[in-house]
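Trainee: Provided below: my_file07.tsv, containing TSV, C-alpha atoms and all ligand atoms.
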```
chain	number	residue	atom	x	y	z
A	2	MET	CA	-7.48	57.23	39.78
A	3	VAL	CA	-10.03	54.73	41.03
A	4	ALA	CA	-9.42	55.53	44.69
A	5	THR	CA	-10.24	59.22	44.20
A	6	SER	CA	-13.30	58.61	42.07
A	7	LEU	CA	-14.88	56.16	44.53
A	8	THR	CA	-14.23	58.15	47.69
A	9	ASP	CA	-15.16	61.72	48.60
A	10	THR	CA	-12.80	64.70	48.55
A	11	ARG	CA	-13.19	68.32	49.61
A	12	THR	CA	-13.95	69.13	45.94
A	13	GLY	CA	-16.82	66.70	45.47
A	14	TYR	CA	-18.55	63.44	46.38
A	15	GLY	CA	-17.12	60.20	44.97
A	16	LEU	CA	-18.99	57.55	43.00
A	17	VAL	CA	-20.20	55.59	46.06
A	18	SER	CA	-21.75	58.64	47.76
A	19	ARG	CA	-23.30	59.90	44.51
A	20	THR	CA	-24.77	56.50	43.62
A	21	LEU	CA	-26.28	56.16	47.10
A	22	HIS	CA	-27.61	59.73	46.99
A	23	TRP	CA	-29.24	59.61	43.55
A	24	GLY	CA	-30.35	55.98	43.85
A	25	MET	CA	-32.12	56.77	47.11
A	26	ALA	CA	-33.56	59.96	45.60
A	27	LEU	CA	-35.24	57.86	42.88
A	28	LEU	CA	-36.54	55.36	45.45
A	29	PHE	CA	-37.95	58.23	47.54
A	30	VAL	CA	-39.80	59.55	44.48
A	31	TRP	CA	-41.29	56.06	44.10
A	32	GLN	CA	-42.06	55.75	47.83
A	33	PHE	CA	-43.84	59.11	48.02
A	34	THR	CA	-45.74	58.26	44.83
A	35	THR	CA	-47.16	55.25	46.72
A	36	VAL	CA	-48.44	57.45	49.56
A	37	PHE	CA	-49.70	60.26	47.30
A	38	LEU	CA	-51.69	57.74	45.28
A	39	SER	CA	-53.10	56.18	48.43
A	40	ALA	CA	-54.32	59.68	49.38
A	41	VAL	CA	-55.77	60.73	46.01
A	42	ALA	CA	-56.57	57.52	44.11
A	43	GLU	CA	-57.57	55.03	46.78
A	44	ASP	CA	-58.79	51.63	45.56
A	45	THR	CA	-57.77	52.13	41.95
A	46	ALA	CA	-55.61	49.57	40.11
A	47	VAL	CA	-52.67	51.99	39.90
A	48	GLU	CA	-52.87	52.74	43.64
A	49	ARG	CA	-53.01	49.04	44.52
A	50	PHE	CA	-49.97	48.38	42.33
A	51	PHE	CA	-47.89	51.19	43.86
A	52	TRP	CA	-49.04	50.58	47.45
A	53	GLY	CA	-48.11	46.91	46.96
A	54	THR	CA	-44.47	48.07	46.76
A	55	HIS	CA	-44.52	50.42	49.80
A	56	TYR	CA	-43.14	47.84	52.28
A	57	SER	CA	-40.43	46.48	49.98
A	58	VAL	CA	-39.19	49.86	48.71
A	59	GLY	CA	-39.37	51.25	52.28
A	60	PHE	CA	-37.32	48.30	53.53
A	61	THR	CA	-34.77	48.88	50.74
A	62	LEU	CA	-34.51	52.57	51.70
A	63	TRP	CA	-33.98	51.55	55.33
A	64	ALA	CA	-31.09	49.20	54.36
A	65	LEU	CA	-29.59	51.80	52.02
A	66	VAL	CA	-29.69	54.61	54.57
A	67	LEU	CA	-27.81	52.44	57.07
A	68	ALA	CA	-25.19	51.70	54.42
A	69	ARG	CA	-25.10	55.37	53.43
A	70	GLY	CA	-24.70	56.51	57.05
A	71	ALA	CA	-21.82	54.08	57.60
A	72	TRP	CA	-20.17	55.17	54.34
A	73	GLY	CA	-20.70	58.85	55.19
A	74	LEU	CA	-19.04	58.37	58.58
A	75	SER	CA	-16.07	56.69	56.91
A	76	GLN	CA	-15.74	59.72	54.59
A	77	ILE	CA	-16.54	62.46	57.09
A	78	ARG	CA	-13.01	63.86	57.30
A	79	HIS	CA	-12.70	64.58	53.60
A	80	ARG	CA	-16.17	65.51	52.39
A	81	PRO	CA	-16.99	68.92	50.86
A	82	ARG	CA	-17.70	71.60	53.46
A	83	HIS	CA	-20.98	73.53	53.43
A	84	GLU	CA	-20.64	76.79	51.50
A	85	GLY	CA	-22.05	80.20	52.41
A	86	PRO	CA	-22.35	82.28	55.59
A	87	ARG	CA	-21.66	80.47	58.87
A	88	LEU	CA	-25.29	80.52	60.00
A	89	LEU	CA	-26.44	78.99	56.72
A	90	ALA	CA	-23.71	76.34	56.88
A	91	ARG	CA	-24.80	75.47	60.41
A	92	ALA	CA	-28.45	75.26	59.29
A	93	ALA	CA	-27.35	72.94	56.46
A	94	THR	CA	-25.58	70.65	58.96
A	95	LEU	CA	-28.68	70.54	61.18
A	96	GLY	CA	-30.94	69.98	58.17
A	97	HIS	CA	-28.82	67.06	56.95
A	98	LEU	CA	-28.77	65.57	60.45
A	99	ALA	CA	-32.58	65.79	60.64
A	100	LEU	CA	-32.84	64.15	57.19
A	101	TYR	CA	-30.67	61.24	58.32
A	102	VAL	CA	-32.55	60.81	61.61
A	103	LEU	CA	-35.91	60.71	59.80
A	104	MET	CA	-34.62	58.46	57.00
A	105	VAL	CA	-33.68	55.94	59.72
A	106	VAL	CA	-36.61	56.43	62.13
A	107	VAL	CA	-39.50	56.47	59.60
A	108	PRO	CA	-38.88	52.99	58.09
A	109	SER	CA	-37.54	51.54	61.39
A	110	LEU	CA	-40.83	52.25	63.18
A	111	ALA	CA	-42.84	50.72	60.32
A	112	ILE	CA	-40.64	47.61	60.19
A	113	LEU	CA	-40.96	47.18	63.98
A	114	ARG	CA	-44.73	47.38	63.60
A	115	ALA	CA	-44.89	45.04	60.61
A	116	ALA	CA	-42.74	42.45	62.38
A	117	ASN	CA	-44.87	42.53	65.52
A	118	ASN	CA	-48.48	42.99	64.44
A	119	GLY	CA	-49.11	39.28	63.94
A	120	ARG	CA	-49.92	39.65	60.25
A	121	GLY	CA	-46.49	38.67	58.96
A	122	PHE	CA	-44.02	40.73	56.97
A	123	SER	CA	-42.76	40.08	53.43
A	124	VAL	CA	-40.18	41.93	51.36
A	125	TYR	CA	-40.17	41.35	47.57
A	126	GLY	CA	-42.23	38.21	48.17
A	127	ASN	CA	-39.83	36.80	50.78
A	128	GLN	CA	-41.54	36.12	54.09
A	129	LEU	CA	-39.33	37.65	56.79
A	130	VAL	CA	-41.88	37.20	59.58
A	131	ALA	CA	-44.58	34.54	59.33
A	132	PRO	CA	-48.19	35.58	60.04
A	133	GLY	CA	-50.04	34.17	63.03
A	134	GLY	CA	-47.92	35.28	65.98
A	135	ALA	CA	-49.40	37.36	68.79
A	136	ALA	CA	-49.45	41.11	68.18
A	137	ASN	CA	-47.28	43.16	70.53
A	138	PRO	CA	-49.01	46.53	71.01
A	139	SER	CA	-46.00	48.19	72.65
A	140	LEU	CA	-44.00	47.57	69.42
A	141	THR	CA	-46.77	48.56	67.01
A	142	ALA	CA	-47.98	51.69	68.83
A	143	PRO	CA	-44.95	53.92	67.97
A	144	ALA	CA	-45.54	53.46	64.22
A	145	ASN	CA	-49.31	53.86	64.60
A	146	LEU	CA	-48.63	57.17	66.28
A	147	LEU	CA	-45.69	58.49	64.29
A	148	HIS	CA	-44.90	56.70	61.00
A	149	GLY	CA	-47.31	58.69	58.82
A	150	PHE	CA	-46.65	62.04	60.53
A	151	LEU	CA	-42.86	61.65	60.44
A	152	GLY	CA	-43.08	60.34	56.86
A	153	TRP	CA	-44.77	63.58	55.77
A	154	THR	CA	-42.26	65.59	57.84
A	155	LEU	CA	-39.50	63.81	55.93
A	156	PHE	CA	-41.25	64.74	52.69
A	157	ALA	CA	-41.27	68.43	53.73
A	158	LEU	CA	-37.58	68.30	54.67
A	159	ILE	CA	-36.68	66.67	51.35
A	160	ALA	CA	-38.60	69.43	49.53
A	161	GLY	CA	-36.61	72.05	51.50
A	162	HIS	CA	-33.37	70.19	50.73
A	163	ILE	CA	-34.13	70.24	46.98
A	164	ALA	CA	-35.05	73.95	47.12
A	165	MET	CA	-31.81	74.83	48.91
A	166	ALA	CA	-29.70	72.73	46.50
A	167	LEU	CA	-31.30	74.56	43.55
A	168	TRP	CA	-30.76	77.92	45.26
A	169	HIS	CA	-27.05	77.10	45.67
A	170	GLY	CA	-26.78	75.97	42.04
A	171	LEU	CA	-28.95	78.54	40.26
A	172	VAL	CA	-28.97	81.65	42.46
A	173	ARG	CA	-25.81	81.60	44.52
A	174	ARG	CA	-23.96	79.65	41.82
A	175	ASP	CA	-21.52	78.04	44.22
A	176	ALA	CA	-20.10	74.52	44.01
A	177	THR	CA	-22.63	72.84	46.34
A	178	LEU	CA	-24.83	71.22	43.68
A	179	ARG	CA	-21.85	70.32	41.49
A	180	HIS	CA	-20.27	68.38	44.39
A	181	MET	CA	-23.15	65.89	44.14
A	182	THR	CA	-23.67	65.94	40.36
A	183	ARG	CA	-20.19	65.95	38.83
A	184	GLY	CA	-18.18	64.77	41.83
A	185	PRO	CA	-14.58	65.64	42.65
A	186	GLN	CA	-13.00	68.29	40.45
A	187	ARG	CA	-10.01	67.31	38.35
A	188	GLY	CA	-6.92	69.49	38.26
A	189	PRO	CA	-4.30	70.65	40.73
A	190	ARG	CA	-6.80	71.27	43.54
A	191	SER	CA	-8.13	67.70	43.40
A	192	LEU	CA	-4.59	66.30	43.58
A	193	ARG	CA	-4.11	67.76	47.02
A	194	SER	CA	-4.56	65.26	49.80
A	195	PHE	CA	-7.27	66.28	52.21
A	201	LIG	C1	-38.34	55.68	54.10
A	201	LIG	C2	-39.32	54.84	53.94
A	201	LIG	C3	-40.77	55.18	54.13
A	201	LIG	C4	-41.44	56.36	53.94
A	201	LIG	C5	-40.86	57.69	53.48
A	201	LIG	C6	-42.83	56.13	54.28
A	201	LIG	C7	-43.82	57.12	54.24
A	201	LIG	C8	-45.12	56.92	54.63
A	201	LIG	C9	-46.10	57.96	54.75
A	201	LIG	C10	-45.87	59.43	54.43
A	201	LIG	C11	-47.26	57.39	55.16
A	201	LIG	C12	-48.55	58.12	55.46
A	201	LIG	C13	-49.57	57.93	54.34
A	201	LIG	C14	-50.88	58.62	54.65
A	201	LIG	O1	-50.86	59.70	55.27
A	201	LIG	O2	-51.88	58.07	54.25
A	201	LIG	C15	-47.00	55.97	55.30
A	201	LIG	C16	-47.94	55.05	55.71
A	201	LIG	C17	-47.69	53.72	55.92
A	201	LIG	N1	-46.48	53.07	55.76
A	201	LIG	FE1	-44.74	53.92	55.19
A	201	LIG	N2	-42.97	54.83	54.63
A	201	LIG	C18	-41.75	54.21	54.58
A	201	LIG	C19	-41.47	52.89	54.88
A	201	LIG	C20	-42.41	51.95	55.28
A	201	LIG	C21	-42.11	50.57	55.56
A	201	LIG	C22	-40.71	49.94	55.52
A	201	LIG	C23	-43.29	49.98	55.89
A	201	LIG	C24	-43.57	48.57	56.29
A	201	LIG	C25	-42.65	47.73	56.73
A	201	LIG	C26	-44.33	50.99	55.82
A	201	LIG	C27	-45.66	50.77	56.07
A	201	LIG	C28	-46.65	51.74	56.09
A	201	LIG	C29	-48.03	51.53	56.46
A	201	LIG	C30	-48.67	50.19	56.89
A	201	LIG	C31	-48.69	52.77	56.36
A	201	LIG	C32	-50.19	53.09	56.66
A	201	LIG	C33	-50.37	53.28	58.14
A	201	LIG	C34	-49.63	54.50	58.70
A	201	LIG	O3	-49.87	55.64	58.23
A	201	LIG	O4	-48.80	54.31	59.60
A	201	LIG	N3	-43.74	52.18	55.43
A	201	LIG	N4	-45.70	55.73	54.98
```
Rewrite the coordinates I just gave you, this time as structure tokens.

Mentor:
Amino acid sequence: MVATSLTDTRTGYGLVSRTLHWGMALLFVWQFTTVFLSAVAEDTAVERFFWGTHYSVGFTLWALVLARGAWGLSQIRHRPRHEGPRLLARAATLGHLALYVLMVVVPSLAILRAANNGRGFSVYGNQLVAPGGAANPSLTAPANLLHGFLGWTLFALIAGHIAMALWHGLVRRDATLRHMTRGPQRGPRSLRSF
């Protein structure tokens, strides 16, 4: 049934959640490649190419996380529950909350800075803010202070998230990883309404 495959159930994430999750995962790989290259291969052609996409891919991630948050809230009553001991499940909830907060805050601060530093702001070649306006230091300072630091914090959290997902799938062998790879389970259990 289309309705079940698009939306989430207690037995797995539907197509919309899985597309947003794995699509954003690929974009994060790209986005962190841009910052790794700027750290290790500064001023090379490959670094200039990747860094040239940092604003546009970051902006895309920002738009997607807002869509994903809204979709997640609409599905919150029938999503899979965290598996494992209560303390671990609570840690997973907190970890996911921190991921969402950083996925919103990191690009938001940078966009605020880019729109208010007087240099203009383009996304995929489309000028969203024209250059030449006066810089507003109170709107650029938060990103100057925190964008890079929180960006690396987000990287560390994503690494922890991947490690825990693999632990669930390979060591604990519960359904956690399968919820996001294969989606809702077919069979009598998936026919129940949650
Ligand atoms: C989720 C999306 C984003 C992530 C994960 C991210 C991550 C990062 C990280 C980790 C750094 C630090 C690099 C270093 O230490 O050298 C950085 C720097 C930077 N980012 Fe982003 N970024 C994102 C979105 C954006 C967006 C949307 C913009 C512009 C509108 C932007 C503009 C910049 C700039 C100008 C720098 C260099 C100055 C600084 O460190 O603040 N980023 N980004």

Trainee: Step by step, measure atom-to-atom distances between ligand LIG 201 (chain A) and each residue using all atoms listed in the file, keep those at most 9 Å, then write them as an MDAnalysis selection string.

Mentor: chainID A and resid 28:29 32:33 35:40 55:63 66 103:116 122:124 144:156

Trainee: What is the CA of Pro81 (chain A) to CA of Thr12 (chain A) distance in Å?

Mentor: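 Between CA of Pro81 (chain A) and CA of Thr12 (chain A) the gap is 5.8 Å.
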
Trainee: Can you measure CA of Thr8 (chain A) to CA of His22 (chain A) for me? One decimal in Å is fine.

Mentor: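 Going from CA of Thr8 (chain A) over to CA of His22 (chain A) covers 13.5 Å.
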
Trainee: Record the distance separating CA of Arg19 (chain A) and CA of Thr54 (chain A), expressed in Å with one decimal.

Mentor: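 Those two atoms sit 24.4 Å apart.
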
Trainee: Of the residues A:Arg11, A:Asn118, A:Glu43, A:Leu129, which is the one nearest to His180 (chain A), using only C-alpha atoms?

Mentor: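 Of A:Arg11, A:Asn118, A:Glu43, A:Leu129, the one nearest His180 (chain A) is A:Arg11, counting only C-alpha atoms.
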
Trainee: Could you give me the axis-aligned bounding box of region 46-61 of chain A, with 5 Å of padding per side, as centre plus edge lengths in Å to one decimal, as JSON?

Mentor:
```
{"center_x": -45.2, "center_y": 49.6, "center_z": 46.7, "size_x": 30.8, "size_y": 16.3, "size_z": 23.6}
```

Trainee: So, with all atoms listed in the file as the atoms that count, which of A:Gly24, A:Gly13, A:His162, A:Arg187 lies closest to Ala93 (chain A)?

Mentor: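 Of the candidates, the smallest distance to Ala93 (chain A) is held by A:His162.
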
Trainee: Let me make sure I understand: among A:Ala166, A:Leu178, A:Met25, A:Leu16, which one has the smallest atom-to-atom distance to Ala64 (chain A) if we use only C-alpha atoms?

Mentor: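 Closest to Ala64 (chain A), using only C-alpha atoms: A:Met25.
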
Trainee: Given the choices A:Arg80, A:Leu74, A:Phe51, A:Leu158, which gets closest to His97 (chain A) if the distance is worked out from all atoms listed in the file?

Mentor: A:Leu158
